[in-house]
Amino acid sequence: MKIDQKEMQQLAAGPAPRMDMYGGIHKAIRALMADTLLAVGRMDVEDDLDLAQATERVLQLLDICASHLKHENEFVHAAIEARAPGASERIAHEHEQHEAHIAALGAAVAALRACPGAQRGAAGQSLYGELALFIADNFHHMHVEETAHNAVLWARYTDAELVEIHDRLVASIPPAEMMMIARWMVPFMNPAERVGVLSGVRQNAPAPAFQAILDTVRPHLSDNEWAKLARALDLPAVPGQAA
């Protein structure tokens with residue numbers, strides 16, 4: 001099934017924002033990808049510790065990407081196919097390509113770590129180039145999901161239904177992975193998005209979990225960003241106090 005471009009334009013012109021399952025997590029992934037690429041670009045391949053730390057960050061990124069693909073396949077694509085058969089076919093194929101690319105990048109990390117010193121420079125540059133291509137492909141891929149896939153979802157599901165799908169997806173994520181996502185998502189949202197996400201966490205999660213997320217994201221917010229968040233959520237102005 002091809003995505004109806006007229007349908008996309010009509011939905012985009014709608015007056016009210018709709019429930020967007022992609023927006024927040026994609027901001028997190030874009031931020032993590034960009035930061036990881038910068039780390040690999042400045043990596044000192046002659047320094048064993050620096051090499052180990054930078055390549056470990058690549059592996060962490062790959063794990064998050066693989067998990068994200070799984071979540072989208074199981075929850076978002078299943079929802080799309082239930083009411084618009086064939087509409088997720090293009091992106092599902094790209095997911096398969098991304099899985100292969102993730103495996104290749106993992107192998108490139110292993111090869112770099114095993115390289116003799118004289119060959120590390122070339123292997124490091126190769127990893128940097130392949131990671132950059134993977135990220136470029138993903139940036140375009142995420143844009144298609146945020147436009148074409150959202151158009152399909154918004155035409156066929158109510159916001160309440162989309163919230164229910166999103167909540168089931170979030171509930172399937174292990175706590176350690178959720179904390180990693182929060183670290184990269186909340187700081188790189190705009191203030192309104194930040195308040196919306198953390199208000200939802202406060203409402204639905206135990207108080208210790210909410211506090212743990214605050215403690216995780218606070219070091220990555222400026223003083224001005226934290227002050228805005230504190231005012232909006234009625235949090236202590238001094239970080240580290242119980243919320």
# chains A, B, ... in the order shown; residues from 1 in each chain; ligands from 1
>>> residues_around(residues="Ala232 of chain A", least_positions_apart="3", cutoff="12 Å", atoms="only C-alpha atoms", output="PDB file with C-alpha atoms, in the first residue's frame")
ATOM      1  CA  PRO A 191      10.804  23.017  27.598  1.00  0.00           C
ATOM      2  CA  ALA A 192       7.157  22.189  26.846  1.00  0.00           C
ATOM      3  CA  GLU A 193       8.011  18.663  25.716  1.00  0.00           C
ATOM      4  CA  ARG A 194      10.214  18.187  28.775  1.00  0.00           C
ATOM      5  CA  VAL A 195       7.394  19.174  31.107  1.00  0.00           C
ATOM      6  CA  GLY A 196       4.928  16.938  29.288  1.00  0.00           C
ATOM      7  CA  LEU A 198       8.082  14.337  33.152  1.00  0.00           C
ATOM      8  CA  SER A 199       4.501  15.145  34.156  1.00  0.00           C
ATOM      9  CA  GLU A 225      16.540  24.953  31.714  1.00  0.00           C
ATOM     10  CA  TRP A 226      16.326  23.448  35.188  1.00  0.00           C
ATOM     11  CA  ALA A 227      14.735  26.608  36.599  1.00  0.00           C
ATOM     12  CA  LYS A 228      12.010  26.517  33.937  1.00  0.00           C
ATOM     13  CA  LEU A 229      11.366  22.839  34.603  1.00  0.00           C
ATOM     14  CA  LEU A 235      10.151  21.101  41.995  1.00  0.00           C
ATOM     15  CA  PRO A 236      12.755  22.304  44.477  1.00  0.00           C
ATOM     16  CA  ALA A 237      14.819  25.087  42.978  1.00  0.00           C
TER      17      ALA A 237
END
>>> residues_around(residues="segment 141-144 of chain A", least_positions_apart="2", cutoff="12 Å", atoms="only C-alpha atoms", output="ChimeraX atom specification")
/A:3,8,21-30,65,68-69,72,87-88,90-95,97-98,134-139,146-152
>>> atom_distance(atom1="atom CA of Arg57 of chain A", atom2="atom CA of Met189 of chain A")
21.5 Å
>>> atom_distance(atom1="atom CA of Asp234 of chain A", atom2="atom CA of Ile181 of chain A")
23.6 Å
>>> closest_atom_pairs(of="segment 74-149 of chain A", to="segment 35-54 of chain A", cutoff="8 Å", atoms="only C-alpha atoms", output="CSV")
residue,atom,partner,partner_atom,distance
A:Arg113,CA,A:Ala52,CA,7.5
A:Gly117,CA,A:Glu46,CA,6.9
A:Arg120,CA,A:Val45,CA,6.0
A:Gly121,CA,A:Val45,CA,6.4
A:Gly124,CA,A:Val45,CA,6.9
A:Gln125,CA,A:Gly41,CA,7.9
A:Tyr128,CA,A:Val40,CA,6.1
A:Leu131,CA,A:Leu37,CA,6.9
A:Ala132,CA,A:Leu37,CA,6.7
>>> write_last_selection(atoms="C-alpha atoms", output="CSV table (one decimal), in the first residue's frame")
chain,number,residue,atom,x,y,z
A,113,ARG,CA,39.7,-3.4,19.1
A,117,GLY,CA,48.6,-0.5,16.7
A,120,ARG,CA,44.3,1.3,14.1
A,121,GLY,CA,44.3,4.6,12.3
A,124,GLY,CA,39.2,3.9,13.2
A,125,GLN,CA,38.6,6.1,10.2
A,128,TYR,CA,33.8,6.7,11.7
A,131,LEU,CA,28.9,5.1,11.5
A,132,ALA,CA,28.3,8.5,9.7
>>> closest_residue(among="A:Ile165, A:Ala207, A:Leu221, A:Ala111", to="Ala78 of chain A", atoms="only C-alpha atoms")
A:Ile165
>>> atom_distance(atom1="atom CA of Arg218 of chain A", atom2="atom CA of Pro206 of chain A")
18.6 Å
>>> closest_residue(among="A:Val109, A:Ala114, A:Met19, A:Ala82", to="Asp167 of chain A", atoms="only C-alpha atoms")
A:Met19
>>> decode(residues="segment 93-108 of chain A", atoms="N, CA and C atoms", output="short mmCIF file (atom, residue, chain, number, x, y, z; two decimals), in the first residue's frame")
data_model
loop_
_atom_site.label_atom_id
_atom_site.label_comp_id
_atom_site.auth_asym_id
_atom_site.auth_seq_id
_atom_site.Cartn_x
_atom_site.Cartn_y
_atom_site.Cartn_z
N HIS A 93 11.21 -2.90 5.55
CA HIS A 93 12.38 -3.31 4.75
C HIS A 93 13.61 -2.54 5.19
N GLU A 94 13.46 -1.24 5.44
CA GLU A 94 14.59 -0.45 5.91
C GLU A 94 15.07 -0.93 7.29
N HIS A 95 14.14 -1.37 8.12
CA HIS A 95 14.53 -1.93 9.41
C HIS A 95 15.44 -3.14 9.23
N GLU A 96 15.13 -3.98 8.26
CA GLU A 96 15.98 -5.14 7.99
C GLU A 96 17.37 -4.69 7.56
N GLN A 97 17.44 -3.65 6.74
CA GLN A 97 18.74 -3.12 6.32
C GLN A 97 19.50 -2.54 7.52
N HIS A 98 18.78 -1.88 8.41
CA HIS A 98 19.43 -1.31 9.59
C HIS A 98 19.97 -2.41 10.50
N GLU A 99 19.24 -3.49 10.63
CA GLU A 99 19.72 -4.60 11.45
C GLU A 99 21.04 -5.15 10.89
N ALA A 100 21.12 -5.26 9.56
CA ALA A 100 22.36 -5.73 8.94
C ALA A 100 23.49 -4.73 9.17
N HIS A 101 23.16 -3.43 9.08
CA HIS A 101 24.17 -2.39 9.28
C HIS A 101 24.65 -2.38 10.73
N ILE A 102 23.73 -2.60 11.67
CA ILE A 102 24.10 -2.67 13.08
C ILE A 102 25.09 -3.81 13.31
N ALA A 103 24.80 -4.96 12.71
CA ALA A 103 25.71 -6.11 12.85
C ALA A 103 27.08 -5.80 12.25
N ALA A 104 27.09 -5.12 11.10
CA ALA A 104 28.36 -4.78 10.46
C ALA A 104 29.16 -3.80 11.30
N LEU A 105 28.49 -2.83 11.90
CA LEU A 105 29.19 -1.87 12.75
C LEU A 105 29.73 -2.55 14.01
N GLY A 106 28.98 -3.48 14.55
CA GLY A 106 29.47 -4.23 15.70
C GLY A 106 30.73 -5.01 15.35
N ALA A 107 30.74 -5.59 14.15
CA ALA A 107 31.93 -6.32 13.70
C ALA A 107 33.10 -5.36 13.48
N ALA A 108 32.80 -4.15 13.00
CA ALA A 108 33.86 -3.16 12.79
C ALA A 108 34.49 -2.72 14.11
#
